[in-house]
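Source file: protein.csv; contents: CSV, C-alpha atoms.
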chain,number,residue,atom,x,y,z
A,952,MET,CA,-19.0,-81.3,-57.0
A,953,THR,CA,-18.2,-84.8,-58.2
A,954,ARG,CA,-18.0,-87.8,-55.9
A,955,ASN,CA,-14.2,-88.0,-56.3
A,956,GLN,CA,-14.0,-84.4,-55.0
A,957,GLY,CA,-16.3,-85.4,-52.2
A,958,ILE,CA,-14.1,-88.3,-51.3
A,959,LEU,CA,-11.1,-86.0,-51.1
A,960,LEU,CA,-13.0,-83.7,-48.9
A,961,ALA,CA,-14.2,-86.6,-46.8
A,962,LEU,CA,-10.6,-87.6,-46.2
A,963,LEU,CA,-9.7,-84.1,-45.1
A,964,LEU,CA,-12.6,-84.4,-42.6
A,965,VAL,CA,-11.2,-87.5,-41.0
A,966,ALA,CA,-9.3,-85.5,-38.3
A,967,VAL,CA,-12.4,-83.5,-37.6
A,968,VAL,CA,-14.5,-86.6,-37.3
A,969,ILE,CA,-12.0,-88.2,-34.9
A,970,LEU,CA,-11.8,-85.1,-32.8
A,971,GLY,CA,-15.6,-84.9,-32.8
A,972,TYR,CA,-16.0,-88.5,-31.8
A,973,LYS,CA,-13.5,-88.0,-28.9
A,974,ARG,CA,-15.5,-84.9,-27.8
A,975,MET,CA,-18.8,-86.8,-27.9
A,976,SER,CA,-17.2,-89.7,-26.0
A,977,ALA,CA,-16.2,-87.2,-23.3
A,978,LEU,CA,-19.7,-85.7,-23.1
A,979,GLY,CA,-21.4,-89.1,-23.0
A,980,PRO,CA,-22.9,-91.6,-25.4
A,981,VAL,CA,-24.7,-90.5,-28.6
A,982,SER,CA,-28.5,-90.5,-28.1
A,983,LYS,CA,-30.3,-93.6,-29.2
A,984,ASN,CA,-33.6,-91.8,-29.4
A,985,PRO,CA,-35.0,-90.9,-32.8
A,986,ILE,CA,-36.9,-87.7,-33.4
A,987,VAL,CA,-40.6,-87.6,-32.5
A,988,ALA,CA,-43.0,-89.5,-34.8
A,989,PRO,CA,-45.3,-87.5,-37.1
A,990,SER,CA,-48.6,-86.5,-35.5
A,991,ILE,CA,-50.3,-86.9,-38.8
A,992,ASP,CA,-49.9,-90.2,-40.6
A,993,GLU,CA,-51.9,-93.0,-42.2
A,994,PRO,CA,-52.5,-96.2,-40.2
A,995,LEU,CA,-51.0,-99.4,-41.4
A,996,ALA,CA,-52.9,-100.8,-44.3
A,997,ALA,CA,-55.2,-103.7,-43.6
A,998,HIS,CA,-53.8,-105.8,-46.4
A,999,PRO,CA,-50.3,-106.2,-48.0
A,1000,GLY,CA,-49.7,-103.9,-50.9
A,1001,THR,CA,-47.1,-101.8,-52.7
A,1002,GLU,CA,-46.4,-98.1,-52.5
A,1003,THR,CA,-43.4,-95.9,-53.5
A,1004,ALA,CA,-41.7,-93.0,-51.8
A,1005,VAL,CA,-38.9,-90.9,-53.4
A,1006,PHE,CA,-36.5,-89.0,-51.1
A,1007,ALA,CA,-33.4,-87.0,-51.9
A,1008,GLY,CA,-30.9,-86.5,-49.0
A,1009,GLY,CA,-27.5,-85.9,-50.5
A,1010,CYS,CA,-25.4,-88.7,-52.0
A,1011,PHE,CA,-27.8,-91.5,-52.9
A,1012,TRP,CA,-25.3,-94.2,-51.8
A,1013,GLY,CA,-26.0,-93.5,-48.1
A,1014,THR,CA,-29.8,-92.9,-48.5
A,1015,GLN,CA,-30.2,-96.2,-50.3
A,1016,SER,CA,-28.0,-97.9,-47.7
A,1017,VAL,CA,-30.3,-96.8,-44.9
A,1018,PHE,CA,-33.7,-97.7,-46.5
A,1019,GLN,CA,-32.4,-101.1,-47.7
A,1020,ARG,CA,-32.2,-102.0,-44.0
A,1021,VAL,CA,-35.8,-101.0,-43.0
A,1022,LYS,CA,-38.4,-103.6,-42.3
A,1023,GLY,CA,-41.3,-103.3,-44.7
A,1024,VAL,CA,-39.2,-101.9,-47.5
A,1025,THR,CA,-39.1,-104.4,-50.4
A,1026,HIS,CA,-36.9,-102.6,-53.0
A,1027,THR,CA,-34.8,-99.5,-53.5
A,1028,GLU,CA,-33.2,-97.9,-56.5
A,1029,ALA,CA,-30.7,-95.0,-56.6
A,1030,GLY,CA,-31.4,-92.5,-59.3
A,1031,TYR,CA,-32.4,-89.0,-60.2
A,1032,SER,CA,-35.5,-86.8,-59.9
A,1033,GLY,CA,-36.3,-83.2,-60.6
A,1034,GLY,CA,-34.9,-82.9,-64.1
A,1035,THR,CA,-35.6,-84.4,-67.5
A,1036,ALA,CA,-34.9,-87.8,-69.0
A,1037,ASN,CA,-32.1,-86.6,-71.4
A,1038,THR,CA,-30.0,-85.3,-68.5
A,1039,ALA,CA,-30.5,-88.2,-66.1
A,1040,THR,CA,-26.9,-89.4,-66.1
A,1041,TYR,CA,-24.3,-89.1,-63.4
A,1042,ASP,CA,-21.9,-87.2,-65.6
A,1043,GLN,CA,-24.5,-84.6,-66.4
A,1044,VAL,CA,-26.1,-84.4,-62.9
A,1045,THR,CA,-22.8,-83.6,-61.3
A,1046,THR,CA,-22.5,-80.5,-63.4
A,1047,GLU,CA,-25.2,-79.0,-61.2
A,1048,THR,CA,-27.1,-77.7,-64.2
A,1049,THR,CA,-29.8,-80.3,-64.7
A,1050,GLY,CA,-32.3,-79.7,-61.9
A,1051,HIS,CA,-31.9,-83.3,-60.8
A,1052,ALA,CA,-31.3,-84.4,-57.2
A,1053,GLU,CA,-29.7,-87.6,-56.4
A,1054,SER,CA,-32.7,-89.6,-55.1
A,1055,VAL,CA,-33.8,-93.0,-53.9
A,1056,GLN,CA,-37.0,-94.6,-54.9
A,1057,ILE,CA,-38.3,-96.8,-52.1
A,1058,THR,CA,-40.9,-99.5,-52.6
A,1059,PHE,CA,-42.6,-100.5,-49.4
A,1060,ASP,CA,-45.5,-102.5,-48.1
A,1061,PRO,CA,-47.9,-100.1,-46.3
A,1062,SER,CA,-49.3,-102.9,-44.2
A,1063,LYS,CA,-45.8,-103.2,-42.6
A,1064,ILE,CA,-44.6,-99.6,-42.5
A,1065,THR,CA,-46.2,-96.2,-43.0
A,1066,TYR,CA,-45.1,-93.3,-45.1
A,1067,GLY,CA,-44.8,-91.3,-42.0
A,1068,THR,CA,-42.4,-93.8,-40.4
A,1069,LEU,CA,-40.2,-93.6,-43.6
A,1070,LEU,CA,-40.2,-89.8,-43.2
A,1071,ARG,CA,-39.2,-90.2,-39.6
A,1072,ILE,CA,-36.2,-92.3,-40.6
A,1073,PHE,CA,-35.4,-89.9,-43.4
A,1074,PHE,CA,-35.2,-87.0,-41.0
A,1075,SER,CA,-33.6,-88.9,-38.1
A,1076,VAL,CA,-30.7,-90.7,-39.6
A,1077,ALA,CA,-30.6,-90.5,-43.4
A,1078,HIS,CA,-29.5,-86.9,-43.8
A,1079,ASP,CA,-29.4,-83.4,-42.3
A,1080,PRO,CA,-32.5,-81.5,-43.4
A,1081,THR,CA,-31.2,-78.1,-42.4
A,1082,THR,CA,-28.3,-77.7,-44.8
A,1083,LEU,CA,-29.2,-76.1,-48.1
A,1084,ASN,CA,-27.9,-77.8,-51.2
A,1085,ARG,CA,-25.3,-79.7,-49.2
A,1086,GLN,CA,-24.7,-82.9,-47.2
A,1087,GLY,CA,-21.4,-83.3,-45.5
A,1088,PRO,CA,-18.6,-82.8,-48.1
A,1089,ASP,CA,-21.0,-82.9,-51.1
A,1090,VAL,CA,-22.1,-79.4,-52.3
A,1091,GLY,CA,-24.6,-78.5,-55.0
A,1092,THR,CA,-28.3,-78.6,-55.8
A,1093,SER,CA,-28.0,-82.3,-56.8
A,1094,TYR,CA,-27.4,-82.9,-53.1
A,1095,ARG,CA,-30.4,-81.0,-51.8
A,1096,SER,CA,-32.9,-82.3,-49.4
A,1097,ALA,CA,-36.2,-83.1,-51.1
A,1098,ILE,CA,-39.4,-85.2,-50.8
A,1099,PHE,CA,-40.9,-86.0,-54.1
A,1100,PHE,CA,-44.5,-86.9,-53.2
A,1101,THR,CA,-46.6,-89.3,-55.4
A,1102,SER,CA,-50.0,-88.4,-53.9
A,1103,ASP,CA,-51.9,-85.6,-52.1
A,1104,ARG,CA,-51.8,-87.8,-49.0
A,1105,GLN,CA,-48.0,-88.1,-49.1
A,1106,ARG,CA,-47.8,-84.3,-49.6
A,1107,ALA,CA,-50.0,-83.6,-46.6
A,1108,VAL,CA,-48.1,-86.0,-44.3
A,1109,ALA,CA,-44.7,-84.6,-45.3
A,1110,GLN,CA,-45.7,-80.9,-45.0
A,1111,ALA,CA,-47.4,-81.4,-41.7
A,1112,TYR,CA,-44.4,-83.3,-40.3
A,1113,ILE,CA,-42.0,-80.5,-41.4
A,1114,GLN,CA,-44.2,-78.0,-39.7
A,1115,GLN,CA,-44.3,-80.1,-36.6
A,1116,LEU,CA,-40.6,-80.5,-36.4
A,1117,ASP,CA,-39.9,-76.9,-37.0
A,1118,ALA,CA,-42.4,-75.8,-34.4
A,1119,ALA,CA,-40.8,-78.1,-31.9
A,1120,HIS,CA,-37.3,-76.7,-32.8
A,1121,THR,CA,-36.2,-80.3,-33.3
A,1122,PHE,CA,-33.0,-79.2,-35.2
A,1123,PRO,CA,-30.7,-76.3,-34.5
A,1124,GLY,CA,-31.7,-74.8,-37.8
A,1125,LYS,CA,-34.9,-74.5,-39.9
A,1126,ILE,CA,-35.7,-77.4,-42.2
A,1127,VAL,CA,-34.9,-76.6,-45.9
A,1128,THR,CA,-36.4,-79.8,-47.4
A,1129,GLU,CA,-38.3,-79.3,-50.6
A,1130,VAL,CA,-41.7,-81.0,-50.8
A,1131,THR,CA,-42.5,-81.2,-54.5
A,1132,PRO,CA,-44.6,-83.5,-56.8
A,1133,LEU,CA,-42.7,-86.4,-58.5
A,1134,LYS,CA,-42.7,-85.9,-62.2
A,1135,ALA,CA,-40.4,-88.9,-62.9
A,1136,PHE,CA,-37.8,-91.0,-61.3
A,1137,TYR,CA,-34.9,-92.2,-63.5
A,1138,LYS,CA,-32.9,-95.1,-62.3
A,1139,GLY,CA,-29.2,-94.4,-61.9
A,1140,GLU,CA,-26.3,-96.3,-63.5
A,1141,GLU,CA,-25.9,-99.9,-62.3
A,1142,TYR,CA,-22.6,-99.2,-60.6
A,1143,HIS,CA,-24.3,-96.9,-58.2
A,1144,GLN,CA,-26.8,-99.5,-57.1
A,1145,ASP,CA,-25.9,-101.1,-53.7
A,1146,TYR,CA,-22.7,-99.1,-53.8
A,1147,ALA,CA,-22.3,-98.7,-50.0
A,1148,THR,CA,-22.9,-102.4,-49.4
A,1149,LYS,CA,-20.5,-103.4,-52.2
A,1150,ASN,CA,-17.8,-101.0,-51.1
A,1151,PRO,CA,-17.7,-100.9,-47.3
A,1152,ASN,CA,-14.0,-100.0,-47.2
A,1153,ASN,CA,-14.3,-96.9,-49.4
A,1154,PRO,CA,-13.3,-94.0,-47.2
A,1155,TYR,CA,-16.3,-92.0,-48.2
A,1156,ILE,CA,-18.6,-94.8,-47.2
A,1157,GLN,CA,-16.9,-95.3,-43.9
A,1158,ILE,CA,-17.0,-91.7,-43.0
A,1159,CYS,CA,-20.3,-90.5,-44.4
A,1160,ASP,CA,-22.6,-93.6,-44.8
A,1161,ILE,CA,-21.8,-96.4,-42.3
A,1162,PRO,CA,-22.6,-94.1,-39.4
A,1163,LYS,CA,-26.1,-93.7,-40.9
A,1164,THR,CA,-26.8,-97.4,-40.8
A,1165,LYS,CA,-25.4,-97.7,-37.3
A,1166,ALA,CA,-27.7,-94.9,-36.2
A,1167,LEU,CA,-30.6,-96.7,-37.9
A,1168,ALA,CA,-29.9,-99.8,-35.9
A,1169,ALA,CA,-29.5,-97.8,-32.7
A,1170,GLN,CA,-32.6,-95.6,-33.1
A,1171,PHE,CA,-35.0,-98.0,-34.8
A,1172,PRO,CA,-34.0,-101.6,-33.7
A,1173,GLU,CA,-37.5,-102.8,-34.2
A,1174,LEU,CA,-37.3,-101.8,-37.9
A,1175,PHE,CA,-33.7,-102.7,-38.6
A,1176,VAL,CA,-33.0,-105.7,-40.9
A,1177,THR,CA,-29.8,-107.1,-42.2
A,1178,TYR,CA,-29.1,-106.4,-45.9
A,1179,LYS,CA,-26.4,-108.1,-47.9
A,1180,GLY,CA,-27.4,-107.1,-51.4
A,1181,HIS,CA,-29.7,-108.1,-54.1
What's the C-alpha cells form of this structure?
Amino acid sequence: MTRNQGILLALLLVAVVILGYKRMSALGPVSKNPIVAPSIDEPLAAHPGTETAVFAGGCFWGTQSVFQRVKGVTHTEAGYSGGTANTATYDQVTTETTGHAESVQITFDPSKITYGTLLRIFFSVAHDPTTLNRQGPDVGTSYRSAIFFTSDRQRAVAQAYIQQLDAAHTFPGKIVTEVTPLKAFYKGEEYHQDYATKNPNNPYIQICDIPKTKALAAQFPELFVTYKGH
C-alpha cells in the first residue's frame, strides 16, 4: 500500500477516531503511564559516546517524529532496512516485494539514555507491536514491527524485554516484533526526512503521528524535548 492510499484510508478513519475519542472521554482520561521498564538493560555509560539503534514501526514519518523528541537522541534518519541496496527506494519498497521495512536509524548518547529506554518508548508510544505487517491504515511487510540489532547486547535486551512484556500480558495480543540483525540501513529520500515536522497539517500526520508525540510528552515528560527540525 502506498502512502497516498494510506492517507485516503486515514481520512476514512476520521469518523472512527472522533467516535473513539468521545468514547475515551466518557470513560476517563487516557493513561499517562508508560509500559513497565525493561528488567534487563545496560546502565548509563560513564562517559559520553555514540551508539545507534534501528527500529521499524510502520510509517517512518511517525517513528522518526517520536525519537527526534527524545532526550539523549542526537540524530535520526528515515530509511529502509531488511532488503538490498538496489531496492532501497520508496517506489520499490511500496511494492511490498523488496524485504525492506520502513525504518529509523537513531543515533544516541548512551551516557544520557539507554537502549532499553529507547525500546520502552518504541513499545509504549511509537507503534503497536501486536499487529502483523500493519500499522493503522498502512498494510504490508514494509510496515512490519522490527528491531534491527547492531550487537549481541542489543539483541539480548530486546528479546528479554519482549518476553517480559508478553509474560505480563502488557498488550491485548502477542507481540509480533521481529528481532533480527542489522545488515544495512539505507537512508531514505530527502523529502521523507523530518516529514511530520514539516507537514503538521497533513491529515495523515494529524491522525496517525501527532498523537504519538503527544503520548511521548505525556508518558515520558522527563525525556521529552522540543524539536523544530534540522
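Considering the residues A:Thr1040, A:Thr1003, A:Gln1114, A:Ser1054 and counting all atoms listed in the file, Tyr1066 of chain A has its shortest atom-to-atom contact with A:Thr1003.
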Item to check | Point-to-point distance in Å for atom CA of Arg1106 of chain A and atom CA of Asn1037 of chain A | outcome: 27.0 Å
Checklist entry - Which of these residues is nearest to Ile1057 of chain A, using all atoms listed in the file: A:Gln1043, A:Thr1014, A:Ser1096, A:Gln1086? => result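 So, comparing all the options, the nearest one is A:Thr1014.
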Segment 1121-1123 of chain A surroundings by only C-alpha atoms, 10 Å radius, close-in-sequence under 3 positions cut, as a short mmCIF file (atom, residue, chain, number, x, y, z; two decimals) with C-alpha atoms, in the frame of the given file:
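The resulting out-v6.cif:
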data_model
loop_
_atom_site.label_atom_id
_atom_site.label_comp_id
_atom_site.auth_asym_id
_atom_site.auth_seq_id
_atom_site.Cartn_x
_atom_site.Cartn_y
_atom_site.Cartn_z
CA ILE A 986 -36.90 -87.70 -33.40
CA VAL A 987 -40.60 -87.60 -32.50
CA PHE A 1074 -35.20 -87.00 -41.00
CA ASP A 1079 -29.40 -83.40 -42.30
CA PRO A 1080 -32.50 -81.50 -43.40
CA THR A 1081 -31.20 -78.10 -42.40
CA ILE A 1113 -42.00 -80.50 -41.40
CA GLN A 1115 -44.30 -80.10 -36.60
CA LEU A 1116 -40.60 -80.50 -36.40
CA ASP A 1117 -39.90 -76.90 -37.00
CA ALA A 1118 -42.40 -75.80 -34.40
CA ILE A 1126 -35.70 -77.40 -42.20
#
Next on the checklist: Measuring between only C-alpha atoms, which one of A:Asn984, A:Thr1045, A:Ser990, A:Gln1157 shows the shortest distance to Tyr1031 of chain A?
Outcome noted: A:Thr1045
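In this model, the gap between atom CA of Glu1173 of chain A and atom CA of Lys1022 of chain A comes to 8.2 Å.
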Checklist entry - Which residue gives the smallest distance to Ala1036 of chain A among A:Gly1050, A:Pro994, A:Gly1087, A:Pro989, with only C-alpha atoms counted? => result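 Looking only at the distances to Ala1036 of chain A, the closest residue turns out to be A:Gly1050.
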Item to check | Nearest residue to Ala1052 of chain A from the set A:Leu1133, A:Val1017, A:Leu995, A:Ala988 (distances using all atoms listed in the file) | outcome: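 So, comparing all the options, the nearest one is A:Leu1133.
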Next on the checklist: Can you tell me which residues surround Pro1151 of chain A at a distance of at most 10 Å, considering only C-alpha atoms, apart from same-chain residues fewer than 5 positions away, and format the answer as a PyMOL selection string?
Outcome noted: chain A and resi 1146+1156-1157+1160-1161
Checklist entry - For Gly1000 of chain A, which of A:Gly1013, A:Gly1023, A:Gly1139, A:Pro985 is the closest residue, counting only C-alpha atoms? => result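 Going through A:Gly1013, A:Gly1023, A:Gly1139, A:Pro985 one by one, the smallest distance to Gly1000 of chain A is for A:Gly1023.
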Checklist entry - Could you state the separation of atom CA of Ala1109 of chain A and atom CA of Pro999 of chain A in Å, given to one decimal place? => result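 These two atoms are separated by 22.5 Å.
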Item to check | Point (-28.2, -98.2, -49.0), cut-off 10 Å, counting only C-alpha atoms, residues as a ChimeraX atom specification | outcome: /A:1011-1020,1027-1029,1055,1077,1144-1149,1160-1161,1163-1164,1178,1180
Write out, as a PDB file, keeping the file's coordinate frame, the residues just selected, with C-alpha atoms.
ATOM      1  CA  PHE A1011     -27.800 -91.500 -52.900  1.00  0.00           C
ATOM      2  CA  TRP A1012     -25.300 -94.200 -51.800  1.00  0.00           C
ATOM      3  CA  GLY A1013     -26.000 -93.500 -48.100  1.00  0.00           C
ATOM      4  CA  THR A1014     -29.800 -92.900 -48.500  1.00  0.00           C
ATOM      5  CA  GLN A1015     -30.200 -96.200 -50.300  1.00  0.00           C
ATOM      6  CA  SER A1016     -28.000 -97.900 -47.700  1.00  0.00           C
ATOM      7  CA  VAL A1017     -30.300 -96.800 -44.900  1.00  0.00           C
ATOM      8  CA  PHE A1018     -33.700 -97.700 -46.500  1.00  0.00           C
ATOM      9  CA  GLN A1019     -32.400-101.100 -47.700  1.00  0.00           C
ATOM     10  CA  ARG A1020     -32.200-102.000 -44.000  1.00  0.00           C
ATOM     11  CA  THR A1027     -34.800 -99.500 -53.500  1.00  0.00           C
ATOM     12  CA  GLU A1028     -33.200 -97.900 -56.500  1.00  0.00           C
ATOM     13  CA  ALA A1029     -30.700 -95.000 -56.600  1.00  0.00           C
ATOM     14  CA  VAL A1055     -33.800 -93.000 -53.900  1.00  0.00           C
ATOM     15  CA  ALA A1077     -30.600 -90.500 -43.400  1.00  0.00           C
ATOM     16  CA  GLN A1144     -26.800 -99.500 -57.100  1.00  0.00           C
ATOM     17  CA  ASP A1145     -25.900-101.100 -53.700  1.00  0.00           C
ATOM     18  CA  TYR A1146     -22.700 -99.100 -53.800  1.00  0.00           C
ATOM     19  CA  ALA A1147     -22.300 -98.700 -50.000  1.00  0.00           C
ATOM     20  CA  THR A1148     -22.900-102.400 -49.400  1.00  0.00           C
ATOM     21  CA  LYS A1149     -20.500-103.400 -52.200  1.00  0.00           C
ATOM     22  CA  ASP A1160     -22.600 -93.600 -44.800  1.00  0.00           C
ATOM     23  CA  ILE A1161     -21.800 -96.400 -42.300  1.00  0.00           C
ATOM     24  CA  LYS A1163     -26.100 -93.700 -40.900  1.00  0.00           C
ATOM     25  CA  THR A1164     -26.800 -97.400 -40.800  1.00  0.00           C
ATOM     26  CA  TYR A1178     -29.100-106.400 -45.900  1.00  0.00           C
ATOM     27  CA  GLY A1180     -27.400-107.100 -51.400  1.00  0.00           C
TER      28      GLY A1180
END
For segment 1105-1122 of chain A, supply N, CA and C atoms and format the output as a PDB file, keeping the file's coordinate frame.
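Output below, filename result_21.pdb:
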ATOM      1  N   GLN A1105     -49.417 -88.177 -49.425  1.00  0.00           N
ATOM      2  CA  GLN A1105     -48.000 -88.100 -49.100  1.00  0.00           C
ATOM      3  C   GLN A1105     -47.599 -86.610 -48.878  1.00  0.00           C
ATOM      4  N   ARG A1106     -48.083 -85.730 -49.740  1.00  0.00           N
ATOM      5  CA  ARG A1106     -47.800 -84.300 -49.600  1.00  0.00           C
ATOM      6  C   ARG A1106     -48.238 -83.778 -48.249  1.00  0.00           C
ATOM      7  N   ALA A1107     -49.467 -84.114 -47.878  1.00  0.00           N
ATOM      8  CA  ALA A1107     -50.000 -83.600 -46.600  1.00  0.00           C
ATOM      9  C   ALA A1107     -49.244 -84.118 -45.419  1.00  0.00           C
ATOM     10  N   VAL A1108     -48.886 -85.395 -45.423  1.00  0.00           N
ATOM     11  CA  VAL A1108     -48.100 -86.000 -44.300  1.00  0.00           C
ATOM     12  C   VAL A1108     -46.752 -85.314 -44.204  1.00  0.00           C
ATOM     13  N   ALA A1109     -46.085 -85.135 -45.348  1.00  0.00           N
ATOM     14  CA  ALA A1109     -44.700 -84.600 -45.300  1.00  0.00           C
ATOM     15  C   ALA A1109     -44.761 -83.104 -44.885  1.00  0.00           C
ATOM     16  N   GLN A1110     -45.677 -82.305 -45.414  1.00  0.00           N
ATOM     17  CA  GLN A1110     -45.700 -80.900 -45.000  1.00  0.00           C
ATOM     18  C   GLN A1110     -46.086 -80.721 -43.557  1.00  0.00           C
ATOM     19  N   ALA A1111     -47.031 -81.529 -43.087  1.00  0.00           N
ATOM     20  CA  ALA A1111     -47.400 -81.400 -41.700  1.00  0.00           C
ATOM     21  C   ALA A1111     -46.267 -81.833 -40.759  1.00  0.00           C
ATOM     22  N   TYR A1112     -45.501 -82.832 -41.166  1.00  0.00           N
ATOM     23  CA  TYR A1112     -44.400 -83.300 -40.300  1.00  0.00           C
ATOM     24  C   TYR A1112     -43.289 -82.233 -40.248  1.00  0.00           C
ATOM     25  N   ILE A1113     -42.993 -81.603 -41.378  1.00  0.00           N
ATOM     26  CA  ILE A1113     -42.000 -80.500 -41.400  1.00  0.00           C
ATOM     27  C   ILE A1113     -42.421 -79.401 -40.466  1.00  0.00           C
ATOM     28  N   GLN A1114     -43.672 -79.017 -40.561  1.00  0.00           N
ATOM     29  CA  GLN A1114     -44.200 -78.000 -39.700  1.00  0.00           C
ATOM     30  C   GLN A1114     -44.097 -78.369 -38.226  1.00  0.00           C
ATOM     31  N   GLN A1115     -44.413 -79.627 -37.945  1.00  0.00           N
ATOM     32  CA  GLN A1115     -44.300 -80.100 -36.600  1.00  0.00           C
ATOM     33  C   GLN A1115     -42.916 -80.078 -36.037  1.00  0.00           C
ATOM     34  N   LEU A1116     -41.956 -80.518 -36.835  1.00  0.00           N
ATOM     35  CA  LEU A1116     -40.600 -80.500 -36.400  1.00  0.00           C
ATOM     36  C   LEU A1116     -40.001 -79.138 -36.229  1.00  0.00           C
ATOM     37  N   ASP A1117     -40.335 -78.235 -37.144  1.00  0.00           N
ATOM     38  CA  ASP A1117     -39.900 -76.900 -37.000  1.00  0.00           C
ATOM     39  C   ASP A1117     -40.472 -76.184 -35.789  1.00  0.00           C
ATOM     40  N   ALA A1118     -41.756 -76.426 -35.555  1.00  0.00           N
ATOM     41  CA  ALA A1118     -42.400 -75.800 -34.400  1.00  0.00           C
ATOM     42  C   ALA A1118     -41.818 -76.260 -33.090  1.00  0.00           C
ATOM     43  N   ALA A1119     -41.363 -77.501 -33.070  1.00  0.00           N
ATOM     44  CA  ALA A1119     -40.800 -78.100 -31.900  1.00  0.00           C
ATOM     45  C   ALA A1119     -39.270 -77.750 -31.752  1.00  0.00           C
ATOM     46  N   HIS A1120     -38.712 -77.060 -32.766  1.00  0.00           N
ATOM     47  CA  HIS A1120     -37.300 -76.700 -32.800  1.00  0.00           C
ATOM     48  C   HIS A1120     -36.456 -78.030 -32.628  1.00  0.00           C
ATOM     49  N   THR A1121     -36.846 -79.034 -33.389  1.00  0.00           N
ATOM     50  CA  THR A1121     -36.200 -80.300 -33.300  1.00  0.00           C
ATOM     51  C   THR A1121     -34.714 -80.253 -33.710  1.00  0.00           C
ATOM     52  N   PHE A1122     -34.422 -79.400 -34.693  1.00  0.00           N
ATOM     53  CA  PHE A1122     -33.000 -79.200 -35.200  1.00  0.00           C
ATOM     54  C   PHE A1122     -32.553 -77.833 -34.859  1.00  0.00           C
TER      55      PHE A1122
END
